[in-house]
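Enquirer: Below is the file data_25.cif, which contains mmCIF, C-alpha atoms.
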```cif
data_run
#
loop_
_atom_site.label_atom_id
_atom_site.label_comp_id
_atom_site.auth_asym_id
_atom_site.auth_seq_id
_atom_site.Cartn_x
_atom_site.Cartn_y
_atom_site.Cartn_z
CA MET A 1 0.00 0.00 0.00
CA ALA A 2 1.08 3.58 -0.62
CA ILE A 3 3.16 5.50 1.88
CA VAL A 4 1.38 8.59 3.13
CA HIS A 5 3.36 11.82 3.18
CA PHE A 6 2.13 14.41 5.62
CA TYR A 7 2.04 17.91 4.20
CA ARG A 8 0.88 21.09 5.83
CA LEU A 9 -2.47 21.51 4.12
CA PRO A 10 -3.36 24.93 2.76
CA MET A 11 -5.88 26.61 5.09
CA ALA A 12 -7.68 28.64 2.44
CA ASP A 13 -10.68 27.10 0.74
CA PRO A 14 -9.83 25.46 -2.56
CA THR A 15 -10.80 27.17 -5.78
CA ILE A 16 -13.39 25.69 -8.12
CA GLU A 17 -10.59 24.81 -10.55
CA GLU A 18 -8.66 23.00 -7.81
CA VAL A 19 -11.72 20.85 -7.08
CA ASP A 20 -12.11 20.14 -10.81
CA ALA A 21 -8.46 19.12 -11.03
CA PHE A 22 -8.73 16.98 -7.91
CA ILE A 23 -11.75 15.11 -9.28
CA SER A 24 -10.26 14.54 -12.71
CA GLY A 25 -6.86 13.41 -11.37
CA TYR A 26 -5.83 9.85 -10.57
CA LYS A 27 -6.66 8.83 -6.99
CA THR A 28 -6.64 5.75 -4.80
CA LEU A 29 -7.90 4.87 -1.34
CA ASP A 30 -5.33 4.44 1.43
CA GLY A 31 -5.15 0.83 2.60
CA PHE A 32 -8.26 -0.72 4.06
CA LEU A 33 -11.29 1.01 5.54
CA PRO A 34 -10.39 2.23 9.05
CA GLU A 35 -12.35 0.92 12.02
CA TRP A 36 -15.93 2.12 12.49
CA SER A 37 -16.89 4.04 15.60
CA GLN A 38 -20.19 5.12 17.10
CA GLN A 39 -20.80 8.23 19.18
CA TYR A 40 -23.71 8.76 21.56
CA GLY A 41 -25.44 5.61 20.24
CA TRP A 42 -26.31 7.33 16.94
CA SER A 43 -24.55 6.98 13.61
CA TRP A 44 -21.59 4.74 12.86
CA THR A 45 -18.80 6.61 11.11
CA THR A 46 -15.34 6.16 9.68
CA GLN A 47 -13.04 8.09 7.34
CA TRP A 48 -11.01 6.71 4.45
CA SER A 49 -8.14 8.80 3.11
CA ILE A 50 -7.86 9.51 -0.61
CA LEU A 51 -4.32 9.65 -2.01
CA ASP A 52 -3.09 11.31 -5.17
CA THR A 53 -0.41 9.89 -7.50
CA GLN A 54 2.34 11.13 -5.19
CA GLY A 55 0.76 9.55 -2.12
CA ARG A 56 -0.41 12.88 -0.72
CA GLN A 57 -3.60 12.93 1.27
CA MET A 58 -5.66 15.93 0.21
CA ALA A 59 -9.12 14.51 0.83
CA HIS A 60 -11.07 11.73 2.46
CA LEU A 61 -14.32 9.86 2.15
CA ALA A 62 -16.50 10.17 5.27
CA PHE A 63 -18.64 7.06 5.69
CA SER A 64 -21.69 7.28 7.90
CA ILE A 65 -24.73 5.12 8.57
CA ASN A 66 -27.61 5.35 11.03
CA ALA A 67 -27.73 2.96 13.98
CA ALA A 68 -30.31 0.71 12.27
CA LEU A 69 -27.93 0.37 9.29
CA THR A 70 -30.54 1.42 6.74
CA ARG A 71 -29.19 4.74 5.43
CA PRO A 72 -25.56 4.57 4.26
CA SER A 73 -23.96 7.82 3.17
CA ILE A 74 -20.54 8.73 1.82
CA SER A 75 -19.29 12.32 1.67
CA ALA A 76 -16.16 13.47 -0.13
CA ILE A 77 -14.25 16.09 1.84
CA PHE A 78 -11.52 17.98 -0.04
CA ARG A 79 -9.33 20.26 2.09
CA LYS A 80 -12.03 20.31 4.77
CA ASN A 81 -14.81 21.22 2.36
CA LEU A 82 -17.71 19.04 1.26
CA ILE A 83 -17.56 18.49 -2.52
CA TYR A 84 -19.78 15.44 -3.07
CA ARG A 85 -22.19 13.11 -1.29
CA VAL A 86 -24.04 9.92 -2.10
CA ASP A 87 -27.00 8.92 0.10
CA ILE A 88 -28.73 5.57 0.03
CA VAL A 89 -32.24 6.15 1.40
CA PRO A 90 -35.39 3.97 1.26
CA LYS A 91 -36.69 3.47 -2.29
CA ASP A 92 -40.05 5.05 -1.42
CA GLU A 93 -38.64 8.16 0.26
CA THR A 94 -39.37 11.23 -1.89
CA LYS A 95 -37.96 14.69 -1.31
CA PRO A 96 -38.60 17.86 -3.30
CA ASN A 97 -35.47 19.09 -4.98
CA ASP A 98 -34.10 22.54 -4.28
CA TYR A 99 -35.53 25.12 -6.69
CA GLY A 100 -32.04 25.78 -8.05
CA ALA A 101 -31.96 22.20 -9.34
CA LEU A 102 -34.23 23.39 -12.18
CA ALA A 103 -31.42 25.42 -13.73
CA VAL A 104 -29.00 22.45 -13.79
CA GLY A 105 -31.46 20.02 -15.33
CA LEU A 106 -32.28 17.89 -12.29
CA PRO A 107 -35.82 16.63 -11.49
CA TYR A 108 -38.25 18.44 -9.17
CA ASN A 109 -38.68 15.38 -6.91
CA VAL A 110 -36.13 12.73 -6.07
CA THR A 111 -37.20 9.34 -4.81
CA GLY A 112 -34.77 6.91 -3.22
CA PRO A 113 -30.95 6.89 -3.44
CA HIS A 114 -29.33 10.01 -4.82
CA THR A 115 -26.09 11.93 -5.07
CA HIS A 116 -25.26 15.56 -4.40
CA PRO A 117 -22.87 15.78 -7.36
CA TRP A 118 -20.04 18.25 -7.95
CA PRO A 119 -20.62 19.30 -11.59
CA GLU A 120 -24.20 20.42 -10.87
CA HIS A 121 -23.02 22.41 -7.82
CA ARG A 122 -20.01 24.04 -9.44
CA GLN A 123 -21.80 27.31 -10.15
CA TYR A 124 -23.67 27.19 -6.83
CA VAL A 125 -20.44 26.85 -4.82
CA GLN A 126 -18.83 29.58 -6.90
CA GLU A 127 -21.62 31.97 -5.89
CA ASN A 128 -22.29 30.83 -2.32
CA GLY A 129 -19.01 29.32 -1.14
CA PHE A 130 -18.46 25.84 0.25
CA GLY A 131 -20.72 24.30 2.85
CA GLU A 132 -23.90 23.02 1.23
CA LEU A 133 -24.74 20.89 -1.79
CA PRO A 134 -28.54 21.21 -1.91
CA PHE A 135 -29.32 19.63 -5.31
CA ARG A 136 -30.19 15.93 -5.54
CA LYS A 137 -29.59 13.68 -8.53
CA PRO A 138 -31.25 10.26 -8.51
CA VAL A 139 -29.06 7.17 -8.88
CA ASP A 140 -29.97 3.58 -9.45
CA ILE A 141 -28.76 1.70 -6.41
CA ILE A 142 -30.39 -1.63 -5.78
CA ASP A 143 -29.59 -2.38 -2.14
CA VAL A 144 -28.44 -0.70 1.05
CA GLN A 145 -24.82 -1.80 1.02
CA PHE A 146 -21.91 0.60 1.29
CA ILE A 147 -20.14 -1.05 -1.60
CA ARG A 148 -22.93 0.23 -3.89
CA ALA A 149 -22.47 3.78 -2.59
CA LEU A 150 -18.69 3.40 -2.93
CA GLU A 151 -19.04 2.20 -6.53
CA VAL A 152 -21.10 5.29 -7.39
CA ALA A 153 -18.76 7.67 -5.54
CA ALA A 154 -15.67 6.06 -7.10
CA GLU A 155 -17.10 6.48 -10.58
CA ASP A 156 -18.24 10.07 -10.03
CA LEU A 157 -14.99 11.11 -8.35
CA ASN A 158 -12.63 9.03 -10.49
CA ILE A 159 -11.19 7.00 -7.59
CA GLN A 160 -9.49 3.67 -8.34
CA VAL A 161 -10.79 1.04 -5.90
CA ASP A 162 -8.72 -2.10 -5.49
CA PRO A 163 -10.84 -5.31 -5.41
CA ARG A 164 -9.45 -5.99 -1.89
CA GLN A 165 -10.92 -2.66 -0.75
CA ARG A 166 -14.50 -3.65 -1.52
CA ASP A 167 -15.13 -4.92 2.00
CA CYS A 168 -16.47 -1.68 3.47
CA GLU A 169 -19.57 -2.62 5.45
CA PRO A 170 -19.96 -1.80 9.15
CA PRO A 171 -19.53 -4.73 11.57
CA ALA A 172 -22.49 -7.13 11.46
CA GLN A 173 -23.23 -6.65 15.16
CA ALA A 174 -23.41 -2.85 14.74
CA GLY A 175 -27.18 -2.71 14.25
CA LEU A 176 -28.12 -5.02 17.09
CA PHE A 177 -28.90 -2.27 19.55
CA ALA A 178 -30.64 0.20 17.26
CA ASP A 179 -33.79 1.61 18.81
CA ARG A 180 -37.22 0.77 17.49
CA ASN A 181 -37.48 4.08 15.63
CA GLY A 182 -34.81 2.77 13.31
CA LEU A 183 -32.46 5.66 13.99
CA MET B 1 -50.20 10.23 18.72
CA ASN B 2 -50.79 9.47 15.07
CA CYS B 3 -49.90 11.43 11.97
CA ALA B 4 -53.52 12.25 11.10
CA ASP B 5 -53.88 14.08 14.45
CA ILE B 6 -50.71 16.07 13.85
CA ASP B 7 -51.69 16.86 10.26
CA SER B 8 -55.11 18.11 11.38
CA LEU B 9 -53.54 20.23 14.13
CA LEU B 10 -51.16 21.83 11.66
CA THR B 11 -53.90 22.57 9.15
CA GLN B 12 -56.40 24.11 11.61
CA ILE B 13 -55.66 27.47 10.05
CA PRO B 14 -56.05 27.26 6.25
CA ALA B 15 -52.69 27.89 4.61
CA CYS B 16 -53.99 28.99 1.23
CA VAL B 17 -56.35 31.94 0.76
CA GLU B 18 -57.52 33.23 -2.62
CA VAL B 19 -56.67 36.87 -3.13
CA GLY B 20 -56.93 39.21 -6.08
CA GLY B 21 -54.81 37.87 -8.93
CA GLY B 22 -53.91 34.57 -7.29
CA ALA B 23 -53.47 32.99 -3.89
CA ARG B 24 -51.67 33.75 -0.64
CA PHE B 25 -49.99 30.76 0.97
CA THR B 26 -48.87 30.84 4.61
CA THR B 27 -45.60 28.92 5.01
CA HIS B 28 -43.91 27.55 8.12
CA CYS B 29 -40.97 29.91 7.69
CA LEU B 30 -40.84 32.80 10.15
CA TYR B 31 -39.61 36.38 10.09
CA PRO B 32 -37.66 37.58 13.15
CA SER B 33 -40.94 39.00 14.50
CA SER B 34 -42.32 35.41 14.47
CA ASP B 35 -44.85 36.36 11.79
CA PRO B 36 -45.09 33.61 9.17
CA VAL B 37 -43.73 34.20 5.69
CA HIS B 38 -46.59 34.51 3.19
CA VAL B 39 -45.95 33.78 -0.46
CA PHE B 40 -48.19 35.00 -3.26
CA ILE B 41 -48.81 32.70 -6.19
CA GLY B 42 -50.12 33.89 -9.53
CA LYS B 43 -50.77 31.98 -12.75
CA ARG B 44 -49.00 33.27 -15.84
CA ASP B 45 -49.37 32.41 -19.51
CA ARG B 46 -46.56 29.92 -19.08
CA GLY B 47 -46.05 28.67 -15.54
CA TYR B 48 -46.39 30.60 -12.30
CA ARG B 49 -45.04 33.60 -10.46
CA VAL B 50 -44.25 33.14 -6.76
CA THR B 51 -43.28 36.18 -4.65
CA ASP B 52 -42.92 37.14 -1.01
CA GLY B 53 -44.94 40.30 -1.65
CA GLY B 54 -42.07 42.40 -0.31
CA GLY B 55 -42.41 40.83 3.16
CA ALA B 56 -38.68 40.49 3.71
CA TRP B 57 -38.01 44.06 2.56
CA ARG B 58 -40.63 45.40 4.99
CA SER B 59 -39.32 43.22 7.81
CA ALA B 60 -35.74 44.40 7.13
CA GLY B 61 -36.96 48.00 7.09
CA ARG B 62 -38.53 47.56 10.52
CA VAL B 63 -35.25 46.38 12.08
CA GLY B 64 -32.95 48.76 10.27
CA LYS B 65 -32.09 49.98 6.84
CA ALA B 66 -32.91 47.33 4.23
CA ASN B 67 -29.73 46.45 2.39
CA GLU B 68 -29.81 45.07 -1.16
CA GLY B 69 -26.60 43.06 -0.61
CA ILE B 70 -28.41 40.89 1.94
CA PHE B 71 -31.16 40.20 -0.56
CA HIS B 72 -28.72 39.27 -3.31
CA ARG B 73 -27.04 36.76 -0.98
CA ALA B 74 -30.42 35.20 -0.14
CA CYS B 75 -31.24 35.06 -3.86
CA LYS B 76 -28.04 33.21 -4.68
CA ARG B 77 -28.55 30.72 -1.86
CA HIS B 78 -32.12 29.90 -2.89
CA SER B 79 -31.89 30.51 -6.65
CA VAL B 80 -34.59 33.17 -6.74
CA ALA B 81 -34.65 36.71 -8.15
CA PHE B 82 -34.95 40.13 -6.49
CA LYS B 83 -36.80 42.97 -8.14
CA SER B 84 -38.05 46.25 -6.63
CA GLY B 85 -38.00 44.95 -3.06
CA ILE B 86 -39.66 41.65 -3.94
CA LEU B 87 -38.18 38.14 -3.91
CA LEU B 88 -39.61 36.04 -6.71
CA ALA B 89 -39.40 32.78 -8.62
CA GLU B 90 -41.07 31.83 -11.88
CA PRO B 91 -41.48 28.05 -12.03
CA PRO B 92 -42.27 26.84 -15.56
CA ASP B 93 -44.98 24.35 -14.49
CA SER B 94 -46.87 23.02 -11.49
CA ASN B 95 -44.17 20.40 -10.79
CA TRP B 96 -41.75 23.14 -9.75
CA LEU B 97 -44.33 25.14 -7.79
CA TYR B 98 -43.60 23.52 -4.42
CA PRO B 99 -39.79 23.91 -4.68
CA ALA B 100 -40.36 27.52 -5.78
CA ILE B 101 -42.61 28.24 -2.77
CA LEU B 102 -39.99 26.75 -0.42
CA ALA B 103 -37.23 28.74 -2.10
CA VAL B 104 -39.04 32.10 -1.94
CA ALA B 105 -40.19 31.57 1.65
CA ASN B 106 -36.75 30.54 2.87
CA ALA B 107 -35.00 33.33 0.97
CA SER B 108 -37.45 35.83 2.47
CA ALA B 109 -36.90 34.58 6.03
CA MET B 110 -33.13 34.42 5.47
CA ALA B 111 -32.91 38.02 4.22
CA ALA B 112 -35.03 39.36 7.07
CA ARG B 113 -32.98 37.45 9.67
CA ALA B 114 -29.70 38.66 8.14
CA ALA B 115 -30.92 42.26 8.29
CA LEU B 116 -31.67 41.87 12.00
CA GLU B 117 -28.30 40.29 12.72
CA ILE B 118 -26.45 43.06 10.91
CA ASN B 119 -28.38 45.55 12.99
CA ILE B 120 -27.47 43.78 16.23
CA ARG B 121 -23.82 43.59 15.20
CA SER B 122 -23.73 47.30 14.36
CA GLU B 123 -25.27 48.10 17.76
CA LYS B 124 -22.56 46.07 19.51
CA SER B 125 -19.82 47.76 17.53
CA LEU B 126 -21.42 51.13 18.30
CA ASN B 127 -21.14 50.30 22.02
CA MET B 128 -17.44 49.58 21.56
CA ALA B 129 -16.95 52.87 19.71
CA ILE B 130 -18.81 54.78 22.42
CA TYR B 131 -16.64 53.24 25.13
CA GLU B 132 -13.44 54.04 23.25
CA MET B 133 -14.51 57.61 22.64
CA ILE B 134 -15.50 58.25 26.28
CA SER B 135 -12.33 56.61 27.60
CA ARG B 136 -10.25 59.16 25.68
CA HIS B 137 -11.62 61.88 27.98
CA VAL B 138 -12.55 60.10 31.22
CA PRO B 139 -10.30 57.91 33.41
CA LYS B 140 -11.20 54.28 32.82
CA HIS B 141 -11.93 53.60 36.48
CA GLN B 142 -14.82 56.06 36.20
CA ILE B 143 -16.39 54.21 33.25
CA THR B 144 -18.43 51.05 33.71
CA LYS B 145 -19.71 48.82 30.93
CA ASN B 146 -22.91 46.81 31.33
CA TYR B 147 -24.02 48.84 34.33
CA GLU B 148 -27.35 48.44 36.11
CA TYR B 149 -29.43 51.35 37.38
CA ARG B 150 -32.52 51.02 39.57
CA GLY B 151 -35.64 52.65 38.16
CA ARG B 152 -38.61 54.11 40.04
CA SER B 153 -40.40 50.78 39.74
CA GLY B 154 -37.55 49.03 41.55
CA HIS B 155 -36.42 47.26 38.39
CA ASN B 156 -32.70 47.22 37.64
CA TRP B 157 -32.24 48.42 34.05
CA PRO B 158 -29.22 47.40 31.94
CA ILE B 159 -27.17 50.39 30.82
CA ASP B 160 -24.48 49.94 28.16
CA ILE B 161 -22.02 52.45 29.62
CA ALA B 162 -22.10 54.57 32.79
CA VAL B 163 -19.73 57.43 33.60
CA LEU B 164 -19.62 57.75 37.38
CA ARG B 165 -18.33 61.19 38.40
CA SER B 166 -19.91 63.98 40.42
CA ARG B 167 -22.70 63.73 37.84
CA THR B 168 -23.71 60.31 36.57
CA MET B 169 -24.01 59.85 32.83
CA LEU B 170 -25.97 56.83 31.60
CA VAL B 171 -25.41 55.93 27.96
CA LYS B 172 -27.29 53.43 25.82
CA SER B 173 -26.85 52.84 22.12
CA VAL B 174 -30.01 52.79 20.05
CA ALA B 175 -30.78 51.51 16.55
CA GLN B 176 -33.91 51.48 14.44
CA ASN B 177 -35.37 48.21 15.63
CA GLY B 178 -38.24 47.51 17.98
CA ASN B 179 -36.17 45.88 20.73
CA SER B 180 -33.63 48.68 20.83
CA ILE B 181 -36.21 51.49 20.85
CA ASN B 182 -38.30 49.73 23.53
CA SER B 183 -35.26 49.00 25.66
CA ASN B 184 -34.17 52.67 25.66
CA TYR B 185 -37.68 54.00 26.22
CA ALA B 186 -38.51 51.60 29.05
CA ALA B 187 -35.19 52.02 30.87
CA PHE B 188 -34.89 55.81 30.69
CA GLY B 189 -38.62 56.29 31.21
CA ASP B 190 -38.57 54.32 34.45
CA ILE B 191 -35.30 55.87 35.66
CA GLY B 192 -36.92 59.30 35.26
CA ASP B 193 -35.37 62.75 35.60
CA GLN B 194 -32.93 63.37 38.45
CA PRO B 195 -30.81 66.49 39.05
CA GLN B 196 -27.39 64.75 39.02
CA LEU B 197 -28.20 62.39 36.16
CA ASP B 198 -27.65 62.66 32.41
CA LYS B 199 -29.39 60.12 30.18
CA ILE B 200 -28.09 59.74 26.64
CA SER B 201 -29.20 57.48 23.79
CA VAL B 202 -26.56 57.37 21.07
CA PHE B 203 -27.40 56.48 17.48
CA GLU B 204 -25.27 56.06 14.38
CA ASN B 205 -27.82 55.58 11.60
CA GLU B 206 -30.75 57.92 11.43
CA LEU B 207 -33.83 56.93 13.43
CA LYS B 208 -37.36 57.17 12.11
CA GLN B 209 -39.15 60.32 13.14
CA ASP B 210 -41.76 58.59 15.30
CA SER B 211 -39.08 56.58 17.12
CA ALA B 212 -37.01 59.68 17.71
CA ALA B 213 -40.04 61.60 18.99
CA LEU B 214 -40.84 58.78 21.42
CA LEU B 215 -37.31 58.59 22.81
CA GLN B 216 -36.93 62.35 23.18
CA GLN B 217 -39.60 62.24 25.85
CA VAL B 218 -37.30 60.32 28.19
CA THR B 219 -33.69 60.73 27.01
CA SER B 220 -31.31 62.98 25.09
CA LEU B 221 -30.81 61.64 21.59
CA VAL B 222 -27.24 62.19 20.45
CA PRO B 223 -25.72 61.18 17.10
CA PHE B 224 -22.44 59.34 17.60
CA LYS B 225 -20.55 62.05 15.72
CA ALA B 226 -21.68 64.59 18.32
CA LEU B 227 -21.03 62.39 21.36
CA GLU B 228 -17.53 63.70 21.96
CA PHE B 229 -18.81 67.26 22.21
CA THR B 230 -21.62 66.13 24.51
CA VAL B 231 -19.24 64.25 26.80
CA LEU B 232 -16.80 67.13 26.99
CA ASN B 233 -19.67 69.49 27.68
CA GLY B 234 -20.89 67.33 30.54
CA LEU B 235 -17.52 67.01 32.28
#
```
Would you put the structure from the file into structure tokens?
Expert:
Amino acid sequence: MAIVHFYRLPMADPTIEEVDAFISGYKTLDGFLPEWSQQYGWSWTTQWSILDTQGRQMAHLAFSINAALTRPSISAIFRKNLIYRVDIVPKDETKPNDYGALAVGLPYNVTGPHTHPWPEHRQYVQENGFGELPFRKPVDIIDVQFIRALEVAAEDLNIQVDPRQRDCEPPAQAGLFADRNGL
Amino acid sequence: MNCADIDSLLTQIPACVEVGGGARFTTHCLYPSSDPVHVFIGKRDRGYRVTDGGGAWRSAGRVGKANEGIFHRACKRHSVAFKSGILLAEPPDSNWLYPAILAVANASAMAARAALEINIRSEKSLNMAIYEMISRHVPKHQITKNYEYRGRSGHNWPIDIAVLRSRTMLVKSVAQNGNSINSNYAAFGDIGDQPQLDKISVFENELKQDSAALLQQVTSLVPFKALEFTVLNGL
């Protein structure tokens, strides 16, 4: 596995062009998925570093899932800023899209799994700064496994995933103590 | 408790009322005054027109001077337009009507809230400026920030800055918003007139005439630019 070099990361927010370059460049995931942890009995979370060709870590994937293990989500964080998210939600869960989604050709309602993709938010982030990605884009994901979310994120963000890295589910016993509200 | 009960509780007051040229829809978004944001929906040849009827502009005007920059930021965040004091969206068909209503209502509430926060921030920075100006002429041990003064009712009123010398000078900053005007009027009204007491309300941006007339009954209104002269005069 690649050796990670620790650099002092720039503190300023990245530019739009730097995000574009990051997404289009070659990237891999660092080793295997780090151990999951749970805080306050709510979501399970872990973070997986993304490395560039020179082994530098400029970003990570933040994995998170509710205690009942029904809503996996992966966010891409580049230099501390959210640039992408994929959410697997129940197939019958419908949310109205943000009104701004009209201008970027996304549907007015989104049912089931979806992404908050970078290209459709490029202009939005340019005008409003980093922080939110309000527009939803439906994706066809057939089950509630993290590997499906990772496949979508890897394709959208151009990340090379080694076949040995496909084991990325939370521990089987994680959902045993979820409360009856399914949180 | 089931969802039907909650739904019926939340719809006790009809949200949509037909008005001339369209409909008025009461949203769950709130202005700083806790009044709900109303959006106005009209049918056009192609699609709809959704506006806040100038609600945010009026709300911002009540708490200070409405600032177009705030409205442009709210427009960018919620992808709506701003024209002549009105936030608006023009969805092309009924499918986009609900997202447009949410966008206009949230943009309207956001702009009104931002106007209030700017006003509060400018009042705090005015207090700092007042303190710095007074401390150039009065020893610091004679100046107290966040002072309390007992009124005739027995209530202890918060005073931004007090100058405690042979005469006592009580200073409060005031801005054109309901809380600030009420706070000055209630405090200085209850403290009343006393021979060894000067009461001063300092403002930076011009106050509305009715607010100024109200305050002048109980305090001396002094523009910040004239405060130095007033302080030196009172020493």
Enquirer: Distance table requested - chain B against chain A, cut-off 12 Å, all atoms listed in the file: one row per qualifying residue with the closest atom pair and its distance in Å to one decimal, ordered by chain and rising residue number, as CSV.
Expert:
```
residue,atom,partner,partner_atom,distance
B:Val50,CA,A:Tyr99,CA,11.8
B:His72,CA,A:Glu127,CA,10.5
B:Arg73,CA,A:Asn128,CA,7.7
B:Ala74,CA,A:Asn128,CA,9.5
B:Cys75,CA,A:Asn128,CA,10.0
B:Lys76,CA,A:Glu127,CA,6.6
B:Arg77,CA,A:Asn128,CA,6.3
B:His78,CA,A:Gly100,CA,6.6
B:Ser79,CA,A:Gly100,CA,4.9
B:Val80,CA,A:Gly100,CA,7.9
B:Ala81,CA,A:Gly100,CA,11.2
B:Leu88,CA,A:Tyr99,CA,11.7
B:Ala89,CA,A:Tyr99,CA,8.8
B:Glu90,CA,A:Tyr99,CA,10.1
B:Pro91,CA,A:Tyr99,CA,8.5
B:Pro92,CA,A:Leu102,CA,9.4
B:Asp93,CA,A:Tyr108,CA,10.4
B:Ser94,CA,A:Tyr108,CA,10.0
B:Asn95,CA,A:Tyr108,CA,6.4
B:Trp96,CA,A:Tyr108,CA,5.9
B:Leu97,CA,A:Tyr99,CA,8.9
B:Tyr98,CA,A:Pro96,CA,7.6
B:Pro99,CA,A:Tyr99,CA,4.9
B:Ala100,CA,A:Tyr99,CA,5.5
B:Ile101,CA,A:Tyr99,CA,8.7
B:Leu102,CA,A:Tyr99,CA,7.9
B:Ala103,CA,A:Tyr99,CA,6.1
B:Val104,CA,A:Tyr99,CA,9.1
B:Ala105,CA,A:Tyr99,CA,11.5
B:Asn106,CA,A:Asp98,CA,11.1
B:Ala107,CA,A:Tyr99,CA,11.2
```
Enquirer: Using all atoms listed in the file, find all polymer residues with an atom at most 8 Å away from the point (-30.6, 10.1, 0.2); report them as an mmCIF file with C-alpha atoms, keeping the file's coordinate frame.
Expert:
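Written out: result_33.cif:
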```
data_model
loop_
_atom_site.group_PDB
_atom_site.id
_atom_site.type_symbol
_atom_site.label_atom_id
_atom_site.label_comp_id
_atom_site.auth_asym_id
_atom_site.auth_seq_id
_atom_site.Cartn_x
_atom_site.Cartn_y
_atom_site.Cartn_z
ATOM 1 C CA ARG A 71 -29.190 4.740 5.430
ATOM 2 C CA SER A 73 -23.960 7.820 3.170
ATOM 3 C CA VAL A 86 -24.040 9.920 -2.100
ATOM 4 C CA ASP A 87 -27.000 8.920 0.100
ATOM 5 C CA ILE A 88 -28.730 5.570 0.030
ATOM 6 C CA VAL A 89 -32.240 6.150 1.400
ATOM 7 C CA PRO A 90 -35.390 3.970 1.260
ATOM 8 C CA GLY A 112 -34.770 6.910 -3.220
ATOM 9 C CA PRO A 113 -30.950 6.890 -3.440
ATOM 10 C CA HIS A 114 -29.330 10.010 -4.820
ATOM 11 C CA THR A 115 -26.090 11.930 -5.070
#
```
Enquirer: Could you list, as a tab-separated table (two decimals) with C-alpha atoms, in the frame of the given file, every residue within 10 Å of range 43-51 of chain A, counting only C-alpha atoms and ignoring same-chain residues fewer than 2 positions away?
Expert:
```tsv
chain	number	residue	atom	x	y	z
A	2	ALA	CA	1.08	3.58	-0.62
A	3	ILE	CA	3.16	5.50	1.88
A	4	VAL	CA	1.38	8.59	3.13
A	5	HIS	CA	3.36	11.82	3.18
A	26	TYR	CA	-5.83	9.85	-10.57
A	27	LYS	CA	-6.66	8.83	-6.99
A	28	THR	CA	-6.64	5.75	-4.80
A	29	LEU	CA	-7.90	4.87	-1.34
A	30	ASP	CA	-5.33	4.44	1.43
A	31	GLY	CA	-5.15	0.83	2.60
A	32	PHE	CA	-8.26	-0.72	4.06
A	33	LEU	CA	-11.29	1.01	5.54
A	34	PRO	CA	-10.39	2.23	9.05
A	35	GLU	CA	-12.35	0.92	12.02
A	36	TRP	CA	-15.93	2.12	12.49
A	37	SER	CA	-16.89	4.04	15.60
A	38	GLN	CA	-20.19	5.12	17.10
A	39	GLN	CA	-20.80	8.23	19.18
A	40	TYR	CA	-23.71	8.76	21.56
A	41	GLY	CA	-25.44	5.61	20.24
A	53	THR	CA	-0.41	9.89	-7.50
A	54	GLN	CA	2.34	11.13	-5.19
A	55	GLY	CA	0.76	9.55	-2.12
A	56	ARG	CA	-0.41	12.88	-0.72
A	57	GLN	CA	-3.60	12.93	1.27
A	58	MET	CA	-5.66	15.93	0.21
A	59	ALA	CA	-9.12	14.51	0.83
A	60	HIS	CA	-11.07	11.73	2.46
A	61	LEU	CA	-14.32	9.86	2.15
A	62	ALA	CA	-16.50	10.17	5.27
A	63	PHE	CA	-18.64	7.06	5.69
A	64	SER	CA	-21.69	7.28	7.90
A	65	ILE	CA	-24.73	5.12	8.57
A	66	ASN	CA	-27.61	5.35	11.03
A	67	ALA	CA	-27.73	2.96	13.98
A	68	ALA	CA	-30.31	0.71	12.27
A	69	LEU	CA	-27.93	0.37	9.29
A	71	ARG	CA	-29.19	4.74	5.43
A	72	PRO	CA	-25.56	4.57	4.26
A	73	SER	CA	-23.96	7.82	3.17
A	74	ILE	CA	-20.54	8.73	1.82
A	75	SER	CA	-19.29	12.32	1.67
A	76	ALA	CA	-16.16	13.47	-0.13
A	77	ILE	CA	-14.25	16.09	1.84
A	78	PHE	CA	-11.52	17.98	-0.04
A	159	ILE	CA	-11.19	7.00	-7.59
A	160	GLN	CA	-9.49	3.67	-8.34
A	170	PRO	CA	-19.96	-1.80	9.15
A	171	PRO	CA	-19.53	-4.73	11.57
A	174	ALA	CA	-23.41	-2.85	14.74
A	175	GLY	CA	-27.18	-2.71	14.25
A	178	ALA	CA	-30.64	0.20	17.26
A	183	LEU	CA	-32.46	5.66	13.99
```
Enquirer: What residues come out when you apply the PyMOL selection byres ((chain A and resi 167) around 10) to this file, written as a list in words?
Expert: Phe32, Leu33, Phe146, Ile147, Pro163, Arg164, Gln165, Arg166, Cys168, Glu169 and Pro170 of chain A
Enquirer: Please save C-alpha atoms of the selected residues as a PDB file, in the coordinates of the input.
Expert:
```pdb
ATOM      1  CA  PHE A  32      -8.260  -0.720   4.060  1.00  0.00           C
ATOM      2  CA  LEU A  33     -11.290   1.010   5.540  1.00  0.00           C
ATOM      3  CA  PHE A 146     -21.910   0.600   1.290  1.00  0.00           C
ATOM      4  CA  ILE A 147     -20.140  -1.050  -1.600  1.00  0.00           C
ATOM      5  CA  PRO A 163     -10.840  -5.310  -5.410  1.00  0.00           C
ATOM      6  CA  ARG A 164      -9.450  -5.990  -1.890  1.00  0.00           C
ATOM      7  CA  GLN A 165     -10.920  -2.660  -0.750  1.00  0.00           C
ATOM      8  CA  ARG A 166     -14.500  -3.650  -1.520  1.00  0.00           C
ATOM      9  CA  CYS A 168     -16.470  -1.680   3.470  1.00  0.00           C
ATOM     10  CA  GLU A 169     -19.570  -2.620   5.450  1.00  0.00           C
ATOM     11  CA  PRO A 170     -19.960  -1.800   9.150  1.00  0.00           C
TER      12      PRO A 170
END
```
Enquirer: Please measure the separation of CA of Asn177 in chain B and CA of Leu164 in chain B, giving the value in Å to one decimal.
Expert: 28.5 Å
